[in-house]
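Structure file work.cif; described as mmCIF, C-alpha atoms.
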data_protein
loop_
_atom_site.label_atom_id
_atom_site.label_comp_id
_atom_site.auth_asym_id
_atom_site.auth_seq_id
_atom_site.Cartn_x
_atom_site.Cartn_y
_atom_site.Cartn_z
CA LEU A 187 125.27 279.18 89.31
CA ASN A 188 121.93 280.51 88.04
CA LEU A 189 121.10 284.21 88.16
CA ILE A 190 117.44 285.20 88.20
CA MET A 191 116.34 288.70 87.25
CA GLY A 192 112.77 289.90 87.07
CA VAL A 193 110.63 293.00 87.10
CA GLN A 194 106.97 293.52 87.87
CA ALA A 195 104.86 296.44 86.71
CA VAL A 196 101.80 297.19 88.83
CA ARG A 197 98.84 299.46 88.16
CA ALA A 198 95.79 299.36 90.41
CA ASP A 199 92.71 301.57 90.20
CA ARG A 200 90.58 301.87 93.32
CA GLU A 201 87.27 303.63 93.76
CA VAL A 202 84.75 303.40 96.58
CA LYS A 203 81.45 305.25 96.72
CA SER A 204 79.06 305.50 99.65
CA LYS A 205 75.43 306.39 99.07
CA SER A 206 72.60 307.30 101.38
CA PRO A 207 69.32 305.33 101.32
CA ILE A 208 67.85 307.92 98.91
CA GLY A 209 70.78 307.59 96.48
CA VAL A 210 72.80 310.66 97.41
CA THR A 211 76.57 310.12 97.20
CA THR A 212 78.02 310.80 100.63
CA LYS A 213 81.61 309.77 99.91
CA ASN A 214 83.67 309.10 96.80
CA VAL A 215 87.27 308.01 97.32
CA GLU A 216 89.44 307.03 94.37
CA GLN A 217 93.12 306.58 93.72
CA THR A 218 95.45 305.08 91.10
CA TYR A 219 98.54 303.17 92.24
CA HIS A 220 101.49 302.20 90.09
CA ALA A 221 105.00 300.88 90.69
CA ILE A 222 107.93 299.09 89.09
CA ASN A 223 109.26 296.28 91.29
CA PRO A 224 112.61 294.65 90.41
CA ARG A 225 113.96 291.37 91.72
CA LEU A 226 117.43 289.84 91.68
CA GLY A 227 118.19 286.30 92.80
CA ALA A 228 120.78 283.56 92.57
CA ILE A 229 120.78 279.78 92.97
CA TYR A 230 124.09 278.00 93.47
CA ALA A 231 124.14 274.22 93.15
CA LEU A 232 126.70 272.78 95.54
CA ASN A 233 126.05 269.41 93.89
CA GLN A 234 123.19 267.51 92.28
CA ASP A 235 121.25 267.34 95.56
CA VAL A 236 121.97 270.61 97.45
CA ASP A 237 121.21 274.23 96.47
CA LEU A 238 121.96 277.59 98.07
CA PHE A 239 119.73 280.52 97.14
CA ALA A 240 119.38 284.24 97.80
CA SER A 241 117.18 287.04 96.52
CA VAL A 242 116.36 290.71 96.97
CA SER A 243 112.95 292.05 95.90
CA ARG A 244 110.95 295.23 96.10
CA LEU A 245 107.55 294.78 97.75
CA TYR A 246 104.46 296.72 96.74
CA GLU A 247 100.83 296.22 97.73
CA PRO A 248 98.03 298.75 97.09
CA PRO A 249 95.14 298.87 99.58
CA THR A 250 92.05 296.81 98.83
CA THR A 251 88.67 298.48 98.42
CA TYR A 252 87.96 297.64 102.07
CA GLN A 253 91.15 299.42 103.12
CA LEU A 254 91.09 302.32 100.67
CA ASP A 255 90.40 305.04 103.21
CA ASP A 256 90.41 305.27 106.99
CA GLY A 257 86.64 305.68 107.22
CA VAL A 258 87.04 309.07 108.86
CA ASN A 259 88.82 311.52 106.57
CA ALA A 260 87.80 310.05 103.19
CA VAL A 261 91.42 310.25 102.00
CA ALA A 262 92.95 307.28 100.15
CA LEU A 263 95.71 305.41 101.95
CA ASP A 264 99.17 304.96 100.47
CA ALA A 265 100.31 301.63 99.09
CA MET A 266 102.55 299.45 101.23
CA LYS A 267 106.11 299.23 99.89
CA GLY A 268 109.46 297.93 101.00
CA VAL A 269 112.40 295.64 100.35
CA VAL A 270 112.82 291.99 101.34
CA ALA A 271 116.00 289.91 101.34
CA GLU A 272 116.08 286.13 101.67
CA VAL A 273 118.82 283.52 101.89
CA GLY A 274 118.48 279.80 102.30
CA THR A 275 119.25 276.26 101.27
CA ARG A 276 117.30 273.22 100.11
CA GLY A 277 118.30 269.71 99.29
CA THR A 278 118.06 265.96 99.76
CA ARG A 279 120.52 263.50 101.25
CA SER A 280 120.48 259.70 101.26
CA PHE A 281 121.85 257.56 104.04
CA GLY A 282 121.79 253.85 103.59
CA GLN A 283 120.04 252.13 100.72
CA GLU A 284 116.44 253.00 101.65
CA ASN A 285 116.81 256.11 103.81
CA SER A 286 116.80 259.81 102.93
CA TRP A 287 116.10 263.21 104.39
CA SER A 288 115.33 266.54 102.77
CA TRP A 289 115.20 270.13 103.95
CA ASP A 290 114.15 273.62 102.92
CA LEU A 291 115.50 276.42 105.12
CA SER A 292 115.20 280.17 104.53
CA VAL A 293 115.85 283.34 106.52
CA PHE A 294 114.10 286.54 105.48
CA TYR A 295 114.25 290.19 106.50
CA SER A 296 112.00 292.94 105.16
CA GLU A 297 111.69 296.65 105.86
CA LEU A 298 108.27 298.06 105.07
CA GLU A 299 106.91 301.57 104.76
CA ASP A 300 103.23 302.50 105.00
CA GLU A 301 102.11 299.03 106.07
CA ILE A 302 98.32 299.02 106.25
CA LEU A 303 97.04 298.06 109.69
CA SER A 304 93.67 298.15 111.39
CA GLU A 305 93.63 300.29 114.53
CA GLU A 306 91.03 301.49 116.96
CA ASP A 307 89.65 304.95 116.29
CA PRO A 308 90.90 307.07 119.23
CA ALA A 309 87.66 309.04 119.09
CA ALA A 310 85.48 305.91 119.22
CA LEU A 311 87.13 302.95 120.95
CA GLY A 312 85.90 299.63 119.63
CA THR A 313 85.50 301.11 116.14
CA PHE A 314 88.29 300.22 113.75
CA ILE A 315 89.91 302.25 111.01
CA THR A 316 92.65 301.38 108.55
CA THR A 317 95.81 303.45 108.56
CA ASN A 318 99.35 303.58 107.18
CA VAL A 319 102.14 302.86 109.66
CA ASP A 320 105.43 304.61 108.89
CA LYS A 321 107.93 301.76 109.28
CA THR A 322 107.72 298.11 110.27
CA ILE A 323 110.08 295.12 110.21
CA HIS A 324 109.09 291.59 109.20
CA ALA A 325 111.82 289.02 109.80
CA GLY A 326 111.85 285.32 110.42
CA VAL A 327 113.02 281.81 109.71
CA GLU A 328 111.09 279.14 107.82
CA ALA A 329 112.23 275.52 107.87
CA LEU A 330 110.86 272.22 106.60
CA ILE A 331 112.55 268.90 107.37
CA HIS A 332 111.28 265.58 106.05
CA SER A 333 112.75 262.10 106.24
CA LYS A 334 112.06 258.55 105.14
CA ILE A 335 113.48 255.79 107.33
CA ALA A 336 113.19 252.15 106.31
CA LEU A 337 112.25 249.63 109.01
CA GLY A 338 114.08 246.41 108.23
CA ASP A 339 115.82 245.38 105.03
CA ASN A 340 112.88 244.46 102.83
CA GLY A 341 111.55 248.01 102.36
CA LYS A 342 107.96 247.08 103.17
CA HIS A 343 107.78 249.29 106.25
CA SER A 344 109.03 252.85 106.73
CA LEU A 345 108.65 255.90 108.96
CA ALA A 346 108.25 259.44 107.57
CA PRO A 347 108.93 262.12 110.22
CA MET A 348 108.15 265.70 109.16
CA ALA A 349 108.53 269.05 110.91
CA SER A 350 107.61 272.47 109.55
CA VAL A 351 108.53 275.41 111.77
CA THR A 352 108.37 279.19 111.43
CA PHE A 353 109.90 281.78 113.74
CA ASN A 354 108.46 285.28 113.41
CA HIS A 355 109.76 288.66 114.52
CA PHE A 356 107.33 291.30 113.27
CA ARG A 357 107.60 294.71 114.93
CA PHE A 358 107.22 298.45 114.65
CA ASP A 359 110.40 300.35 113.79
CA ASP A 360 110.82 303.37 116.10
CA ASN A 361 107.14 304.24 115.90
CA ASP A 362 106.18 307.52 117.59
CA THR A 363 103.44 305.79 119.61
CA PHE A 364 104.44 302.12 119.89
CA GLY A 365 108.24 302.29 119.68
CA ASN A 366 109.64 298.88 118.69
CA ASN A 367 106.69 296.85 119.98
CA ASP A 368 105.80 293.54 118.37
CA LEU A 369 102.99 293.62 115.82
CA PRO A 370 99.92 291.92 117.32
CA GLY A 371 98.43 288.74 115.94
CA ALA A 372 101.66 287.11 114.76
CA PRO A 373 102.75 284.19 116.97
CA LYS A 374 106.40 283.95 117.96
CA HIS A 375 106.63 280.51 116.40
CA VAL A 376 104.47 277.91 114.67
CA LEU A 377 105.32 274.22 114.44
CA LYS A 378 103.54 271.41 112.62
CA GLY A 379 104.97 267.93 112.97
CA GLU A 380 104.06 264.33 112.34
CA VAL A 381 105.57 260.84 112.33
CA ILE A 382 103.75 258.64 109.83
CA TYR A 383 104.21 254.89 109.41
CA HIS A 384 103.89 253.64 105.80
CA HIS A 385 103.38 250.13 104.48
CA GLU A 386 104.13 249.26 100.87
CA ASN A 387 100.49 248.25 100.33
CA GLY A 388 99.45 251.92 100.76
CA PHE A 389 98.40 251.94 104.41
CA TYR A 390 99.68 254.79 106.59
CA ALA A 391 99.06 256.00 110.15
CA GLY A 392 100.67 258.18 112.78
CA PRO A 393 100.44 261.04 115.28
CA THR A 394 100.44 264.76 114.46
CA MET A 395 101.23 267.82 116.53
CA ASP A 396 100.50 271.53 116.16
CA VAL A 397 102.24 274.15 118.29
CA VAL A 398 101.38 277.86 118.10
CA GLY A 399 103.43 280.28 120.18
CA GLU A 400 102.18 283.16 122.28
CA ARG A 401 101.21 286.41 120.55
CA TYR A 402 100.03 289.84 121.52
CA ALA A 403 96.46 291.02 121.07
CA ASP A 404 97.19 294.76 121.22
CA PHE A 405 99.60 297.35 119.88
CA THR A 406 100.84 298.31 123.35
CA ASN A 407 101.94 294.70 123.98
CA SER A 408 100.13 294.61 127.32
CA TYR A 409 97.76 291.70 126.52
CA LYS A 410 99.36 288.38 125.62
CA VAL A 411 97.49 285.35 124.27
CA SER A 412 98.96 282.07 125.51
CA SER A 413 100.61 279.46 123.32
CA TYR A 414 99.00 276.08 122.78
CA THR A 415 99.85 272.56 121.65
CA ILE A 416 97.32 270.11 120.24
CA PHE A 417 97.77 266.51 119.15
CA GLY A 418 96.06 264.47 116.48
CA LEU A 419 96.10 261.20 114.60
CA ARG A 420 95.72 260.48 110.92
CA THR A 421 95.46 257.25 108.99
CA GLY A 422 94.42 256.07 105.59
CA TRP A 423 95.13 253.98 102.54
CA GLU A 424 96.17 255.14 99.10
CA SER A 425 96.69 253.63 95.69
CA GLU A 426 97.08 255.08 92.21
CA LYS A 427 93.32 255.60 91.83
CA LEU A 428 91.86 255.70 95.34
CA THR A 429 92.71 257.42 98.61
CA VAL A 430 90.75 256.99 101.85
CA PHE A 431 91.64 258.94 104.99
CA VAL A 432 90.52 259.55 108.57
CA GLU A 433 91.99 262.31 110.73
CA ALA A 434 91.34 263.08 114.38
CA GLN A 435 92.29 266.55 115.63
CA ASN A 436 92.75 267.84 119.17
CA ILE A 437 92.32 264.32 120.52
CA LEU A 438 92.93 265.49 124.10
CA ASP A 439 90.07 268.00 123.76
CA LYS A 440 92.29 270.88 124.85
CA ASP A 441 90.84 274.36 125.37
CA TYR A 442 92.79 276.97 123.42
CA ILE A 443 92.43 280.31 121.64
CA SER A 444 92.64 279.85 117.86
CA THR A 445 91.97 283.44 116.70
CA HIS A 446 91.51 286.81 118.30
CA SER A 447 90.78 290.44 117.51
CA VAL A 448 93.25 293.24 118.10
CA ARG A 449 92.91 296.36 120.24
CA THR A 450 95.17 299.34 120.79
CA ASN A 451 95.31 298.52 124.50
CA ALA A 452 93.40 295.33 125.33
CA THR A 453 92.13 294.31 128.75
CA ASP A 454 90.45 291.23 130.22
CA ALA A 455 87.09 292.95 129.77
CA ASP A 456 87.41 293.00 125.95
CA GLN A 457 85.56 290.25 124.13
CA ILE A 458 88.25 289.45 121.58
CA LEU A 459 89.09 285.75 122.04
CA ASN A 460 87.71 282.95 119.85
CA PRO A 461 88.12 279.34 121.04
CA GLY A 462 89.47 276.60 118.81
CA ALA A 463 87.59 273.44 117.91
CA GLY A 464 87.43 270.63 120.44
CA ALA A 465 88.08 266.98 119.68
CA SER A 466 86.93 266.30 116.12
CA ILE A 467 87.16 263.68 113.40
CA TYR A 468 87.28 264.16 109.63
CA ALA A 469 87.04 261.45 106.98
CA GLY A 470 86.97 261.40 103.22
CA PHE A 471 88.08 259.76 100.01
CA GLU A 472 89.49 260.74 96.65
CA VAL A 473 89.06 258.90 93.36
CA LYS A 474 91.27 259.59 90.35
#
Take the structure in the file and give it back as structure tokens.
Amino acid sequence: LNLIMGVQAVRADREVKSKSPIGVTTKNVEQTYHAINPRLGAIYALNQDVDLFASVSRLYEPPTTYQLDDGVNAVALDAMKGVVAEVGTRGTRSFGQENSWSWDLSVFYSELEDEILSEEDPAALGTFITTNVDKTIHAGVEALIHSKIALGDNGKHSLAPMASVTFNHFRFDDNDTFGNNDLPGAPKHVLKGEVIYHHENGFYAGPTMDVVGERYADFTNSYKVSSYTIFGLRTGWESEKLTVFVEAQNILDKDYISTHSVRTNATDADQILNPGAGASIYAGFEVK
């Protein structure tokens, strides 16, 4: 059993000035932020290959210079603060002489106060201001599973499946305006997977897959952006000194929304959706 204790001291000075074209200062917002953030964690080794871990930490993040004030009242925002707890396990297991699989799984839950979000100015829709939100919850699961499977007894050929998945549950916490609505922009889940064939001479090739779940584009949770799945292929050859690779993405040339803006209450008339790239190919090399 290993206990981990830490503490972080933070001091941040922020100052933003706005000047008119003739050099007259029209706004001067400044603030000093400071905090002491402790952390306590533990790692328990079940055996040489498997660990259990847990931690509790205080979170603290001052606003950036772009977020320092709301752009309306010229008053500095508060720093975001909160507490996050995490538990999980990681390890590696062998099965057979040439086969193994490894994992890294964690579950986290955080309660935040004064999270800094960008919202529409009620007095000028389409214009955005930064503001502190009283309470929000960020919770989720992160998992990575990787395996190596030998094909045959000579060890020359193998398959390496990999899946990385995240489940998100980010929401307001009894907000006066938005209740317990989901925070916009965060997809419900994200998955990246691949199955790569490897030869002992350094050649590799295989399919890839990216899945992004649906997410909201507004604080009222009335406008939902659809999920999407895209497929790809990657191949290459690597040695100790040289790596050459080619990767094709979105090989089915699927139409999908990669990023989007956020509104308080979005409608189909809002121009907030940005399409993802179509079928594309990337190639390169690395010399050591």
Query raised in the report: Pick from A:Gly209, A:Gly399, A:Pro393, A:Gly388: nearest to A:Leu419, with only C-alpha atoms counted?
Result: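 Answer, going by the shortest atom-to-atom distance: A:Pro393.
With all atoms listed in the file as the atoms that count, the minimum distance from A:Asn259 to the choices A:Asp307, A:Glu301, A:Asp454, A:Glu284 is reached by A:Asp307.
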Query - Answer key for the PyMOL selection byres ((chain A and resi 279) around 12), residues as a ChimeraX atom specification - result: /A:233-237,276-278,280-289,331-334
**Report entry** Result set of the PyMOL selection byres ((chain A and resi 408) around 10) on the coordinates above, as JSON, numbers by chain
**Finding:** {"A": [402, 403, 404, 405, 406, 407, 409, 410, 450, 451, 452, 453]}
**Report entry** Who sits within 7 Å of A:Tyr414, only C-alpha atoms, same chain under 5 positions skipped, as a PyMOL selection string
**Finding:** chain A and resi 397-399+442
Query raised in the report: In Å to one decimal, how far is atom CA of A:Val196 from atom CA of A:Asn354?
Result: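 We find that atom CA of A:Asn354 and atom CA of A:Val196 lie 28.1 Å from each other.
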Requested in this report: Starting from the displayed file, determine the output of the PyMOL selection byres ((chain A and resi 215) around 9) and express the residue list as a ChimeraX atom specification.
Outcome: /A:200-204,213-214,216-217,254-255,260-262
Report task. Name all residues at most 10 Å from A:Leu337 (count all atoms listed in the file; drop same-chain ones fewer than 4 positions away) and give them as a PyMOL selection string. Result -> chain A and resi 284-285+341-345+383-385
Quick one: everything within 8 Å of stretch 222-229 of chain A, counting all atoms listed in the file, minus sequence neighbours fewer than 2 positions away in the same chain. Send it as a compact mmCIF listing (two decimals) with C-alpha atoms, keeping the file's coordinate frame.
# COMPACT_ATOMS: atom_id res chain seq x y z
CA LEU A 187 125.27 279.18 89.31
CA ASN A 188 121.93 280.51 88.04
CA LEU A 189 121.10 284.21 88.16
CA ILE A 190 117.44 285.20 88.20
CA MET A 191 116.34 288.70 87.25
CA GLY A 192 112.77 289.90 87.07
CA VAL A 193 110.63 293.00 87.10
CA GLN A 194 106.97 293.52 87.87
CA ALA A 195 104.86 296.44 86.71
CA VAL A 196 101.80 297.19 88.83
CA HIS A 220 101.49 302.20 90.09
CA ALA A 231 124.14 274.22 93.15
CA ASP A 237 121.21 274.23 96.47
CA LEU A 238 121.96 277.59 98.07
CA PHE A 239 119.73 280.52 97.14
CA ALA A 240 119.38 284.24 97.80
CA SER A 241 117.18 287.04 96.52
CA VAL A 242 116.36 290.71 96.97
CA SER A 243 112.95 292.05 95.90
CA ARG A 244 110.95 295.23 96.10
CA LEU A 245 107.55 294.78 97.75
CA TYR A 246 104.46 296.72 96.74
Query - Test item: which residues lie within 8 Å of (103.9, 301.5, 97.9) counting all atoms listed in the file, as a PyMOL selection string - result: chain A and resi 219+221+245-248+264-268+299-300
Report task. Could you please determine the separation between atom CA of A:Ile382 and atom CA of A:Asp441 in Å, to one decimal place? Result -> 25.6 Å
Requested in this report: Considering only C-alpha atoms, return as a list of chain:residue names whatever protein or nucleic-acid residues lie within 9 Å of stretch 356-364 of chain A, sequence-local ones (same chain, fewer than 5 positions apart) excluded.
Outcome: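 In the requested form, the answer reads A:Glu297, A:Val319, A:Asp320, A:Lys321, A:Thr322, A:Ile323, A:His324, A:Ala325, A:Gly326, A:Leu369, A:Pro370, A:Ala372, A:Lys374, A:Phe405, A:Thr406, A:Asn407.
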Report task. Write out as a PyMOL selection string which residues come within 8 Å of A:Ser412 when counting all atoms listed in the file, dropping same-chain ones fewer than 3 positions away. Result -> chain A and resi 399-401+443
Requested in this report: Return the single residue from A:Ser466, A:Trp423, A:Thr415, A:Ser447 that is closest to A:Gln435, with distances computed using only C-alpha atoms.
Outcome: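 Answer, going by the shortest atom-to-atom distance: A:Ser466.
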Query raised in the report: Please, what distance in Å, to one decimal, runs between atom CA of A:Val432 and atom CA of A:Tyr468?
Result: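 Answer for the atom CA of A:Val432 to atom CA of A:Tyr468 separation: 5.7 Å.
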**Report entry** Which residue of A:Thr445, A:Thr211, A:Ser413, A:Asn367 approaches A:Gln457 most closely, using only C-alpha atoms
**Finding:**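 Comparing A:Thr445, A:Thr211, A:Ser413, A:Asn367 against A:Gln457, the winner is A:Thr445.
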Query raised in the report: With distances taken over only C-alpha atoms, which of A:Val210, A:Val351, A:Ile315, A:Ala310 is nearest to A:Val258?
Result: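 Of A:Val210, A:Val351, A:Ile315, A:Ala310, the one nearest A:Val258 is A:Ile315, counting only C-alpha atoms.
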Missing atoms of stretch 239-250 of chain A rebuilt to all heavy atoms, written as a compact mmCIF listing (two decimals), keeping the file's coordinate frame:
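This is the output file part_18.txt:
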# COMPACT_ATOMS: atom_id res chain seq x y z
N PHE A 239 120.44 279.49 97.90
CA PHE A 239 119.73 280.52 97.14
C PHE A 239 119.67 281.82 97.93
O PHE A 239 119.77 281.84 99.17
CB PHE A 239 118.32 280.05 96.77
CG PHE A 239 117.43 279.69 97.92
CD1 PHE A 239 116.69 280.66 98.57
CD2 PHE A 239 117.35 278.38 98.37
CE1 PHE A 239 115.86 280.34 99.64
CE2 PHE A 239 116.52 278.05 99.44
CZ PHE A 239 115.78 279.03 100.07
N ALA A 240 119.52 282.91 97.20
CA ALA A 240 119.38 284.24 97.80
C ALA A 240 118.63 285.12 96.84
O ALA A 240 118.68 284.93 95.61
CB ALA A 240 120.75 284.84 98.12
N SER A 241 117.91 286.11 97.38
CA SER A 241 117.18 287.04 96.52
C SER A 241 116.92 288.34 97.26
O SER A 241 116.90 288.39 98.49
CB SER A 241 115.84 286.43 96.07
OG SER A 241 114.95 286.30 97.16
N VAL A 242 116.76 289.40 96.47
CA VAL A 242 116.36 290.71 96.97
C VAL A 242 115.23 291.20 96.08
O VAL A 242 115.36 291.19 94.84
CB VAL A 242 117.52 291.72 96.96
CG1 VAL A 242 117.05 293.08 97.45
CG2 VAL A 242 118.68 291.23 97.83
N SER A 243 114.12 291.63 96.67
CA SER A 243 112.95 292.05 95.90
C SER A 243 112.36 293.31 96.49
O SER A 243 112.46 293.56 97.70
CB SER A 243 111.87 290.96 95.90
OG SER A 243 112.38 289.72 95.46
N ARG A 244 111.74 294.09 95.63
CA ARG A 244 110.95 295.23 96.10
C ARG A 244 109.52 294.75 96.30
O ARG A 244 108.96 294.04 95.47
CB ARG A 244 110.97 296.37 95.09
CG ARG A 244 110.23 297.62 95.59
CD ARG A 244 110.38 298.78 94.62
NE ARG A 244 109.89 300.03 95.19
CZ ARG A 244 108.67 300.52 94.98
NH1 ARG A 244 107.82 299.86 94.20
NH2 ARG A 244 108.29 301.67 95.53
N LEU A 245 108.92 295.14 97.43
CA LEU A 245 107.55 294.78 97.75
C LEU A 245 106.63 295.96 97.47
O LEU A 245 106.99 297.12 97.71
CB LEU A 245 107.43 294.39 99.23
CG LEU A 245 108.32 293.24 99.70
CD1 LEU A 245 108.18 293.06 101.21
CD2 LEU A 245 107.97 291.96 98.99
N TYR A 246 105.44 295.66 97.00
CA TYR A 246 104.46 296.72 96.74
C TYR A 246 103.07 296.13 96.79
O TYR A 246 102.78 295.13 96.15
CB TYR A 246 104.70 297.34 95.36
CG TYR A 246 103.85 298.56 95.07
CD1 TYR A 246 104.21 299.81 95.56
CD2 TYR A 246 102.69 298.46 94.31
CE1 TYR A 246 103.44 300.94 95.30
CE2 TYR A 246 101.92 299.57 94.04
CZ TYR A 246 102.30 300.81 94.54
OH TYR A 246 101.52 301.92 94.29
N GLU A 247 102.20 296.73 97.60
CA GLU A 247 100.83 296.22 97.73
C GLU A 247 99.86 297.39 97.93
O GLU A 247 99.84 298.01 99.00
CB GLU A 247 100.73 295.25 98.90
CG GLU A 247 99.34 294.62 99.04
CD GLU A 247 99.28 293.61 100.16
OE1 GLU A 247 100.32 293.05 100.52
OE2 GLU A 247 98.16 293.39 100.67
N PRO A 248 99.04 297.69 96.93
CA PRO A 248 98.03 298.75 97.09
C PRO A 248 96.95 298.30 98.08
O PRO A 248 96.74 297.11 98.29
CB PRO A 248 97.44 298.90 95.69
CG PRO A 248 98.39 298.21 94.77
CD PRO A 248 99.03 297.14 95.57
N PRO A 249 96.25 299.25 98.69
CA PRO A 249 95.14 298.87 99.58
C PRO A 249 94.01 298.24 98.79
O PRO A 249 93.82 298.52 97.61
CB PRO A 249 94.72 300.21 100.20
CG PRO A 249 95.17 301.24 99.23
CD PRO A 249 96.43 300.71 98.61
N THR A 250 93.25 297.36 99.45
CA THR A 250 92.05 296.81 98.83
C THR A 250 90.93 297.85 98.92
O THR A 250 91.08 298.91 99.53
CB THR A 250 91.61 295.53 99.55
OG1 THR A 250 91.17 295.86 100.88
CG2 THR A 250 92.76 294.54 99.64
